[in-house]
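First comes the structure, then the notes that go with it.
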There are 4 protein chains.
Amino acid sequence: MGERKYAVILGNLGNTCDRFCSGYKKNPPALEMLKAAAGIPHVRGIELVGSWDIRPDNAAEMKRALDGHGLACVSIIPDLFAVKEFAKGAFSNPDAAIRNRAITETRRMCDIALDLGCGLINLWPGQDGYDYLLSTDYEHERELECQAVRELALAYPTLRFALEYKPKEPRTHCYLARMADSLLLAQETGCSNVGVTMDTGHAFAAGENPAEAVVLARRAGNRLFHMHFNDNYASWDDDMIVGSVHTLVYLELLYWLDRCGYAGWLSMDQYPYREDAAGAIGESIEWLVAFDALLGRHRAELDQVIAAGDPVATSRLMRRLFAPVVR
Amino acid sequence: MGERKYAVILGNLGNTCDRFCSGYKKNPPALEMLKAAAGIPHVRGIELVGSWDIRPDNAAEMKRALDGHGLACVSIIPDLFAVKEFAKGAFSNPDAAIRNRAITETRRMCDIALDLGCGLINLWPGQDGYDYLLSTDYEHERELECQAVRELALAYPTLRFALEYKPKEPRTHCYLARMADSLLLAQETGCSNVGVTMDTGHAFAAGENPAEAVVLARRAGNRLFHMHFNDNYASWDDDMIVGSVHTLVYLELLYWLDRCGYAGWLSMDQYPYREDAAGAIGESIEWLVAFDALLGRHRAELDQVIAAGDPVATSRLMRRLFAPVVR
Amino acid sequence: MGERKYAVILGNLGNTCDRFCSGYKKNPPALEMLKAAAGIPHVRGIELVGSWDIRPDNAAEMKRALDGHGLACVSIIPDLFAVKEFAKGAFSNPDAAIRNRAITETRRMCDIALDLGCGLINLWPGQDGYDYLLSTDYEHERELECQAVRELALAYPTLRFALEYKPKEPRTHCYLARMADSLLLAQETGCSNVGVTMDTGHAFAAGENPAEAVVLARRAGNRLFHMHFNDNYASWDDDMIVGSVHTLVYLELLYWLDRCGYAGWLSMDQYPYREDAAGAIGESIEWLVAFDALLGRHRAELDQVIAAGDPVATSRLMRRLFAPVVR
Amino acid sequence: MGERKYAVILGNLGNTCDRFCSGYKKNPPALEMLKAAAGIPHVRGIELVGSWDIRPDNAAEMKRALDGHGLACVSIIPDLFAVKEFAKGAFSNPDAAIRNRAITETRRMCDIALDLGCGLINLWPGQDGYDYLLSTDYEHERELECQAVRELALAYPTLRFALEYKPKEPRTHCYLARMADSLLLAQETGCSNVGVTMDTGHAFAAGENPAEAVVLARRAGNRLFHMHFNDNYASWDDDMIVGSVHTLVYLELLYWLDRCGYAGWLSMDQYPYREDAAGAIGESIEWLVAFDALLGRHRAELDQVIAAGDPVATSRLMRRLFAPVVR
């Protein structure tokens, strides 16, 4: 099952604001955040957000810094979500000029990715969606979304494009809302280098069981390209420490990632508003390490209870794993 | 935009129980329910549930009764959800003997459909899913689900098979949970006579905007085959009168059904636990008739606000349609 | 922190149906279920549902059977939820005759409780609520609800009446929906023998954090009288095995039950539709025993992290408790 | 049923950001926003947020400007939610120095309110709550919350303090989460000048039916002091135009506001991220005006269907009001 590869999105180490408060922390310079990330045990890769962390003007410097820390650039995330101009859509914007700027910005990041030896573009078109009923031409905008992704995938055949789905925020409805609709769009592009990023918190908020969604992706042509990890209370993207709300569901997810042959990165994506960022991210990884240790020691038993289909037997095993009564 | 065709599921006219109370009403004989259904204004079609309403032994009699009332048999719904034997799955049951009985039972209904001149089988495999984490081989069971549907679709190429999705109940997780995953499965069968039934209440409970889901189905090969109508509070399948909770969303849905060329039936699927059944079902249809009247009179304006993408303009139009202030 | 006292609702050992299927199991006679309950490790008490399990005609026999097994009758739950006549309300029914029959039935159970030496009546007026908007006089019905509870509490001052809240089902909206509104009603009766039953699954479905709700009850005059345990996916009352979905939340709940001086029973309330009932109920208790063992060994550390208010420290402790990495 | 009084929160006319984008608009000066607000039909009152809109240094100027537009200052909302220092709580902060600064800041606003002839302080202690399990002393913090409110209410007996509840955001759990728990706290202060603000969007997100919550407030001592209006999809505080998602629920709410003798303001509280602010706020008011017109013309019929308890009759009336089929 190969060793797990852990990464973190660089900005998680910086300031995180909400819509009321412009930030609970200071925002350190990128290289300082990189140093903090490098200090988190198990971290071997970094995700960079376009413009915020990486631009043509600082790409060479960033590469040197990554190399200096022995860190890989795992993915680049073009900023399609925090730009005022994309307020009513980036790839799906009916205004051709704005849509083209979104595609151009993404191409700029693809070029940097090639320079940095980074093979994955994580596309989170958070503004592509709608807020109000009866105010949007869903058919037209979905077609535009599909065309933009196809255009990029054809233009950069050596890169992999991972569509990150999320049901809502910043729009009340996002087009890439769940695993299955993102797979439909990926298939519709006709490009095998288009796949999906699962963010565990987005999956919870979408009402999905992550493990089951992983199986959907495998059946749709091995299209799970990337993983973001965090936790929440299942109604909103709270971006919390892994394991702080859910427990068994992560064990099941890791089990099925293995069963489905997932060999990509496990990247942490959190908003530690009020917590020490490195501490909170580090905890997420340590939980995953701990779940993996259990998985490693008990894989055969897990195979058995999954095949048996008897929840009482599963419960018994889970108690033995997570809460053994020491007498 | 052709005239709308309204139908009703026969059993809605009978007793409806919940898990505590074995029924708040009496359960009249099928032919009596049929008479009541025929008396609801606008109703021209009936859906029959296998075993409950229609069996080899009563098919001829049922056909005569339908003809007598001038009603079409719109679809047959094999009973894959209320049979004790299918408790842990029908089409997806890992026990080959049980799975085969589910397929056999469905074939029996396909044969009756052919006899009755009914072109649609509504598949609601409500027991196909799971309840507990780490107790199910999702990959194997999804494969079985897909194979069963493909086998039926190939065996009855003149029938259309509509997969009715629903996120939960009776299982805590059903395999056919949402529009997009049902479309994936329909495509996976490779059969063009496999499509989807949208139940508006299931869509609400799945967190979907029905109009957007209709567009998904059109883009995936015109796979919206059938429609069930009811209303709820969006967290559970309350099976209430259309329009009793949601309003604008139905107008938008009907608009997009037209835009996507839907020419199928609008079938009522309710559980009027404590209400007069014919009255409650009749109200649903009357709401749809009223929404359609608004749609017919204001289609050009709706086209406009949908193209404009300005929610303030949409709101102004909606007020004019639904709550004009008479001075 | 006295020893925990575990109980089970008798009917959980029997047949459990849903609204589609009239039952996945056989329904054994009450005394057979009692024997099965007695065989579950740690069980020392039983809850009985009025009419189903206990009536004037079998009360003496039931008492002998309970005594024979060394089991206490923990509470009696009058059947206010499964009686056709109460379809539109029991205590809150605007029809005085029906309301009086609900009160009379409850009095009948109070009398039996006194005979059996059972000090608690668990009131779950599941039918008291409403389904549709603009169809109910909330003010009048809430007043009736309050009066009925007050009348009973005054008539039986030596019994304690625990209001079991639940946000929905069988009605789409139940009057006793959450902890806080139930506390308001309890206070409004002016009777100190009126309190609340928390069912953990109802609390999850109501969007509550159970531990916080326990604190609310303490602050409102020590009104937490009884506890029902089960688990679910937080959108519906799935009535599953404790610990099968949630983990940390139970540890926190037990911690705050102690902090708030709760000395009542921990009673299992499940619907093991497709599972071995005794096995599923037994698992719930074993999880609680395991959580309690952790709580007992680490109470000082829990005090510390709760006082510290640092989620990173809490996470570290939780990992150590639930998933220690053995090297 | 006196005439309705409409107001708006001043900042709604300005920039509105989300956690990703620092704003989709420009933020005009307060007096310019005031002019825009004054231009919205029906608006007669303004709510001001402490520090943002109103401070000791600009209070006199603001008063002149309000007078100049013929607008009342409806309420002042102390900024307890956007101040970095209150990240882990304002009134409930275990750090006495921080808690005192929150109280001092609120007192400062109370003084200004007295100067401006404004009788209501809208308390939204959004940071008072918690994010993670097992990291908070709920009992201690709730006690602090209660003490702070009591201290303020006693210190300013001529002002009314309205607690604005909301289940989550910016914390994952807020202490003032729903109507009933806010009423419990209001009662606990022992002060009759402590009541509640209902924000319709917060009520939806809390799973409440607003009309029923209004009845709760009346029964708990006429404690509904203030109303904020907006709409959303019931899972998050989307702060949208009234009537854009829900319809009947607003009619029912206005009906029960009258039945319960509510004579306060109807204040608009929206985040028109991508819309013309004055247009979006104006639409909300026009919807309320339209609902009120229906209410005024059909009050007797509404009384009737509410008393009748027959959802079929209610549906028939609603169709006649909202979607009459013109032949």
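We label chains A, B, ... in the order they appear in the structure tokens, count residues from 1 in each chain, and number ligands from 1 in the order shown.
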
Could you give me, as JSON lines, every chain C residue with an atom at most 9 Å from chain B, plus its closest atom pair and distance in Å to one decimal, counting only C-alpha atoms, rows ordered by chain then number?
{"residue": "C:Thr16", "atom": "CA", "partner": "B:Arg19", "partner_atom": "CA", "distance": 7.7}
{"residue": "C:Cys17", "atom": "CA", "partner": "B:Arg19", "partner_atom": "CA", "distance": 5.5}
{"residue": "C:Asp18", "atom": "CA", "partner": "B:Arg19", "partner_atom": "CA", "distance": 4.3}
{"residue": "C:Arg19", "atom": "CA", "partner": "B:Asp18", "partner_atom": "CA", "distance": 4.3}
{"residue": "C:Phe20", "atom": "CA", "partner": "B:Ala82", "partner_atom": "CA", "distance": 5.2}
{"residue": "C:Cys21", "atom": "CA", "partner": "B:Ala82", "partner_atom": "CA", "distance": 4.4}
{"residue": "C:Ser22", "atom": "CA", "partner": "B:Ala82", "partner_atom": "CA", "distance": 7.6}
{"residue": "C:Gly23", "atom": "CA", "partner": "B:Lys84", "partner_atom": "CA", "distance": 7.0}
{"residue": "C:Tyr24", "atom": "CA", "partner": "B:Lys84", "partner_atom": "CA", "distance": 5.3}
{"residue": "C:Lys25", "atom": "CA", "partner": "B:Lys84", "partner_atom": "CA", "distance": 8.1}
{"residue": "C:Phe81", "atom": "CA", "partner": "B:Phe20", "partner_atom": "CA", "distance": 6.9}
{"residue": "C:Ala82", "atom": "CA", "partner": "B:Cys21", "partner_atom": "CA", "distance": 4.3}
{"residue": "C:Val83", "atom": "CA", "partner": "B:Cys21", "partner_atom": "CA", "distance": 6.5}
{"residue": "C:Lys84", "atom": "CA", "partner": "B:Tyr24", "partner_atom": "CA", "distance": 5.3}
{"residue": "C:Glu85", "atom": "CA", "partner": "B:Tyr24", "partner_atom": "CA", "distance": 8.1}
{"residue": "C:Ala87", "atom": "CA", "partner": "B:Tyr24", "partner_atom": "CA", "distance": 6.8}
{"residue": "C:Lys88", "atom": "CA", "partner": "B:Arg274", "partner_atom": "CA", "distance": 7.5}
{"residue": "C:Asp131", "atom": "CA", "partner": "B:Met240", "partner_atom": "CA", "distance": 8.7}
{"residue": "C:Tyr132", "atom": "CA", "partner": "B:Ser244", "partner_atom": "CA", "distance": 7.0}
{"residue": "C:Leu133", "atom": "CA", "partner": "B:Ser244", "partner_atom": "CA", "distance": 7.3}
{"residue": "C:Glu169", "atom": "CA", "partner": "B:Asp18", "partner_atom": "CA", "distance": 8.9}
{"residue": "C:Pro170", "atom": "CA", "partner": "B:Asp18", "partner_atom": "CA", "distance": 7.1}
{"residue": "C:Thr172", "atom": "CA", "partner": "B:Asp238", "partner_atom": "CA", "distance": 7.2}
{"residue": "C:Asn232", "atom": "CA", "partner": "B:Thr172", "partner_atom": "CA", "distance": 8.8}
{"residue": "C:Tyr233", "atom": "CA", "partner": "B:Thr172", "partner_atom": "CA", "distance": 8.0}
{"residue": "C:Ser235", "atom": "CA", "partner": "B:Ser235", "partner_atom": "CA", "distance": 6.8}
{"residue": "C:Trp236", "atom": "CA", "partner": "B:Trp236", "partner_atom": "CA", "distance": 7.7}
{"residue": "C:Asp238", "atom": "CA", "partner": "B:Thr172", "partner_atom": "CA", "distance": 7.2}
{"residue": "C:Met240", "atom": "CA", "partner": "B:Tyr132", "partner_atom": "CA", "distance": 8.3}
{"residue": "C:Ser244", "atom": "CA", "partner": "B:Tyr132", "partner_atom": "CA", "distance": 7.0}
{"residue": "C:Val245", "atom": "CA", "partner": "B:Leu133", "partner_atom": "CA", "distance": 7.6}
{"residue": "C:Tyr273", "atom": "CA", "partner": "B:Ala87", "partner_atom": "CA", "distance": 8.6}
{"residue": "C:Arg274", "atom": "CA", "partner": "B:Ala87", "partner_atom": "CA", "distance": 6.9}

Exercise. Can you tell me, as a list in words, what residues are no more than 9 Å from A:Ile40 when counting only C-alpha atoms, ignoring any on the same chain fewer than 4 positions away?
Worked result: Ala36, Ala278, Gly279, Ile281, Gly282 and Ile285 of chain A

Got time to write the residues from that selection, N, CA and C atoms, as a PDB file, in the first residue's frame?
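See selection27.pdb below for the written result:
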ATOM      1  N   ALA A  36       7.588  27.200   8.619  1.00  0.00           N
ATOM      2  CA  ALA A  36       6.711  26.608   9.635  1.00  0.00           C
ATOM      3  C   ALA A  36       6.130  25.276   9.135  1.00  0.00           C
ATOM      4  N   ALA A 278       0.425  25.513  13.013  1.00  0.00           N
ATOM      5  CA  ALA A 278       1.285  24.331  12.850  1.00  0.00           C
ATOM      6  C   ALA A 278       0.819  23.218  13.788  1.00  0.00           C
ATOM      7  N   GLY A 279       0.401  23.582  14.971  1.00  0.00           N
ATOM      8  CA  GLY A 279      -0.091  22.588  15.925  1.00  0.00           C
ATOM      9  C   GLY A 279      -1.349  21.911  15.406  1.00  0.00           C
ATOM     10  N   ILE A 281      -2.500  21.694  12.281  1.00  0.00           N
ATOM     11  CA  ILE A 281      -2.236  20.893  11.082  1.00  0.00           C
ATOM     12  C   ILE A 281      -1.489  19.618  11.464  1.00  0.00           C
ATOM     13  N   GLY A 282      -0.536  19.783  12.353  1.00  0.00           N
ATOM     14  CA  GLY A 282       0.214  18.620  12.819  1.00  0.00           C
ATOM     15  C   GLY A 282      -0.686  17.580  13.461  1.00  0.00           C
ATOM     16  N   ILE A 285      -2.410  15.422  10.856  1.00  0.00           N
ATOM     17  CA  ILE A 285      -1.533  14.383  10.302  1.00  0.00           C
ATOM     18  C   ILE A 285      -1.336  13.265  11.313  1.00  0.00           C
TER      19      ILE A 285
END

For this session: Give me the residues within 9 Å of D:Pro125 as a list in words, counting only C-alpha atoms and dropping any in the same chain fewer than 6 places off.
Result: Pro78, Asp79, Leu80, Phe81, Gly89, Ala90, Phe91, Ser92, Leu163, Glu164, Tyr165, Cys174, Tyr175 and Leu176 of chain D

Exercise. Quick one: DSSP strand (DSSP E or B) residues in stretch 19-108 of chain D, as a count of residues only?
Worked result: 15

Exercise. What's the 12 Å shell around C:Leu288, counting only C-alpha atoms, without same-chain residues fewer than 2 positions away, as a ChimeraX atom specification?
Worked result: /A:319,323-325 /C:4-6,42,229-231,241-244,246-255,266-268,281-286,290-296

Problem set entry | Who sits within 9 Å of C:Leu10, only C-alpha atoms, same chain under 6 positions skipped, as a PyMOL selection string | chain C and resi 30+33-34+37+46-49+53+269

File dump, residues just selected, C-alpha atoms, as a tab-separated table (two decimals), in the first residue's frame:
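Result written to part.tsv:
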chain	number	residue	atom	x	y	z
C	30	ALA	CA	-42.96	-9.77	26.11
C	33	MET	CA	-37.99	-10.33	25.17
C	34	LEU	CA	-37.50	-9.76	28.87
C	37	ALA	CA	-32.84	-8.30	27.80
C	46	ILE	CA	-36.15	-2.17	31.81
C	47	GLU	CA	-38.40	0.47	30.30
C	48	LEU	CA	-41.89	-0.65	29.39
C	49	VAL	CA	-44.20	0.86	26.80
C	53	ASP	CA	-45.63	-4.27	27.24
C	269	ASP	CA	-33.29	2.96	22.81

For this session: Please provide as number ranges by chain all residues within 10 Å of B:His140, with the sequence filter that same-chain residues fewer than 6 positions apart are discarded (counting only C-alpha atoms).
Result: A: 215, 307; B: 92-94

For this session: Apply DSSP to the structure's backbone, then extract all residues of stretch 255-321 of chain C labelled helix (DSSP H, G or I) and return them as a PyMOL selection string.
Result: chain C and resi 255-259+277-308+311-321

Would you mind exporting C-alpha atoms of the selected residues as a PDB file, in the first residue's frame?
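Result went into part_9.pdb, see below:
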ATOM      1  CA  TYR C 255     -18.046  13.752  31.373  1.00  0.00           C
ATOM      2  CA  TRP C 256     -20.727  16.446  31.652  1.00  0.00           C
ATOM      3  CA  LEU C 257     -23.322  14.042  33.017  1.00  0.00           C
ATOM      4  CA  ASP C 258     -20.904  13.565  35.891  1.00  0.00           C
ATOM      5  CA  ARG C 259     -20.098  17.246  36.223  1.00  0.00           C
ATOM      6  CA  ALA C 277     -31.179  -7.066  18.788  1.00  0.00           C
ATOM      7  CA  ALA C 278     -29.434  -8.264  21.928  1.00  0.00           C
ATOM      8  CA  GLY C 279     -26.110  -8.001  20.153  1.00  0.00           C
ATOM      9  CA  ALA C 280     -26.722  -4.461  18.945  1.00  0.00           C
ATOM     10  CA  ILE C 281     -27.982  -3.258  22.318  1.00  0.00           C
ATOM     11  CA  GLY C 282     -25.131  -5.003  24.082  1.00  0.00           C
ATOM     12  CA  GLU C 283     -22.641  -3.220  21.853  1.00  0.00           C
ATOM     13  CA  SER C 284     -24.081   0.159  22.822  1.00  0.00           C
ATOM     14  CA  ILE C 285     -23.599  -0.609  26.470  1.00  0.00           C
ATOM     15  CA  GLU C 286     -20.078  -1.934  25.916  1.00  0.00           C
ATOM     16  CA  TRP C 287     -19.132   1.299  24.135  1.00  0.00           C
ATOM     17  CA  LEU C 288     -20.464   3.296  27.079  1.00  0.00           C
ATOM     18  CA  VAL C 289     -18.545   1.074  29.467  1.00  0.00           C
ATOM     19  CA  ALA C 290     -15.420   1.646  27.409  1.00  0.00           C
ATOM     20  CA  PHE C 291     -15.925   5.418  27.302  1.00  0.00           C
ATOM     21  CA  ASP C 292     -16.453   5.380  31.040  1.00  0.00           C
ATOM     22  CA  ALA C 293     -13.259   3.437  31.568  1.00  0.00           C
ATOM     23  CA  LEU C 294     -11.365   6.129  29.644  1.00  0.00           C
ATOM     24  CA  LEU C 295     -13.167   8.810  31.575  1.00  0.00           C
ATOM     25  CA  GLY C 296     -12.309   7.177  34.867  1.00  0.00           C
ATOM     26  CA  ARG C 297      -8.640   6.882  34.053  1.00  0.00           C
ATOM     27  CA  HIS C 298      -8.229  10.349  32.548  1.00  0.00           C
ATOM     28  CA  ARG C 299     -10.664  12.592  34.361  1.00  0.00           C
ATOM     29  CA  ALA C 300      -8.031  14.985  35.635  1.00  0.00           C
ATOM     30  CA  GLU C 301      -6.552  15.401  32.177  1.00  0.00           C
ATOM     31  CA  LEU C 302     -10.032  16.014  30.777  1.00  0.00           C
ATOM     32  CA  ASP C 303     -10.649  18.647  33.435  1.00  0.00           C
ATOM     33  CA  GLN C 304      -7.422  20.241  32.304  1.00  0.00           C
ATOM     34  CA  VAL C 305      -8.095  20.403  28.567  1.00  0.00           C
ATOM     35  CA  ILE C 306     -11.629  21.633  29.172  1.00  0.00           C
ATOM     36  CA  ALA C 307     -10.275  24.416  31.332  1.00  0.00           C
ATOM     37  CA  ALA C 308      -7.408  25.167  28.952  1.00  0.00           C
ATOM     38  CA  PRO C 311      -8.242  22.417  20.842  1.00  0.00           C
ATOM     39  CA  VAL C 312      -4.728  21.332  19.873  1.00  0.00           C
ATOM     40  CA  ALA C 313      -4.136  20.073  23.394  1.00  0.00           C
ATOM     41  CA  THR C 314      -7.537  18.400  23.408  1.00  0.00           C
ATOM     42  CA  SER C 315      -6.741  16.683  20.120  1.00  0.00           C
ATOM     43  CA  ARG C 316      -3.458  15.421  21.496  1.00  0.00           C
ATOM     44  CA  LEU C 317      -5.189  13.920  24.513  1.00  0.00           C
ATOM     45  CA  MET C 318      -7.942  12.375  22.408  1.00  0.00           C
ATOM     46  CA  ARG C 319      -5.370  10.680  20.180  1.00  0.00           C
ATOM     47  CA  ARG C 320      -3.652   9.317  23.210  1.00  0.00           C
ATOM     48  CA  LEU C 321      -6.958   7.938  24.520  1.00  0.00           C
TER      49      LEU C 321
END

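Residue neighbourhood of C:Glu188, excluding near-sequence residues (fewer than 2 positions): Cys146, Arg150, Leu183, Leu184, Leu185, Ala186, Gly190 and Cys191 of chain C; Arg219 and Ala220 of chain D, at 9 Å, using only C-alpha atoms.
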
Quick one: write out the picked residues with N, CA and C atoms as a PDB file, in the first residue's frame?
ATOM      1  N   CYS C 146     -49.124  22.030  27.954  1.00  0.00           N
ATOM      2  CA  CYS C 146     -48.621  22.415  29.271  1.00  0.00           C
ATOM      3  C   CYS C 146     -49.624  22.022  30.360  1.00  0.00           C
ATOM      4  N   ARG C 150     -49.025  19.489  33.502  1.00  0.00           N
ATOM      5  CA  ARG C 150     -49.188  20.009  34.868  1.00  0.00           C
ATOM      6  C   ARG C 150     -50.208  19.174  35.638  1.00  0.00           C
ATOM      7  N   LEU C 183     -37.426  22.450  28.444  1.00  0.00           N
ATOM      8  CA  LEU C 183     -37.168  23.045  29.762  1.00  0.00           C
ATOM      9  C   LEU C 183     -38.137  24.207  30.018  1.00  0.00           C
ATOM     10  N   LEU C 184     -38.379  25.018  28.987  1.00  0.00           N
ATOM     11  CA  LEU C 184     -39.340  26.115  29.158  1.00  0.00           C
ATOM     12  C   LEU C 184     -40.698  25.576  29.575  1.00  0.00           C
ATOM     13  N   LEU C 185     -41.121  24.485  28.908  1.00  0.00           N
ATOM     14  CA  LEU C 185     -42.423  23.924  29.256  1.00  0.00           C
ATOM     15  C   LEU C 185     -42.408  23.344  30.667  1.00  0.00           C
ATOM     16  N   ALA C 186     -41.322  22.664  30.994  1.00  0.00           N
ATOM     17  CA  ALA C 186     -41.220  22.089  32.344  1.00  0.00           C
ATOM     18  C   ALA C 186     -41.325  23.199  33.388  1.00  0.00           C
ATOM     19  N   GLY C 190     -44.613  24.768  36.551  1.00  0.00           N
ATOM     20  CA  GLY C 190     -44.452  25.127  37.958  1.00  0.00           C
ATOM     21  C   GLY C 190     -44.240  23.924  38.857  1.00  0.00           C
ATOM     22  N   CYS C 191     -44.029  22.767  38.261  1.00  0.00           N
ATOM     23  CA  CYS C 191     -43.897  21.524  39.041  1.00  0.00           C
ATOM     24  C   CYS C 191     -42.451  21.048  39.011  1.00  0.00           C
TER      25      CYS C 191
ATOM     26  N   ARG D 219     -45.148  33.289  25.074  1.00  0.00           N
ATOM     27  CA  ARG D 219     -45.460  32.508  26.272  1.00  0.00           C
ATOM     28  C   ARG D 219     -44.415  32.681  27.361  1.00  0.00           C
ATOM     29  N   ALA D 220     -43.208  33.063  26.988  1.00  0.00           N
ATOM     30  CA  ALA D 220     -42.136  33.237  27.988  1.00  0.00           C
ATOM     31  C   ALA D 220     -42.088  34.683  28.479  1.00  0.00           C
TER      32      ALA D 220
END
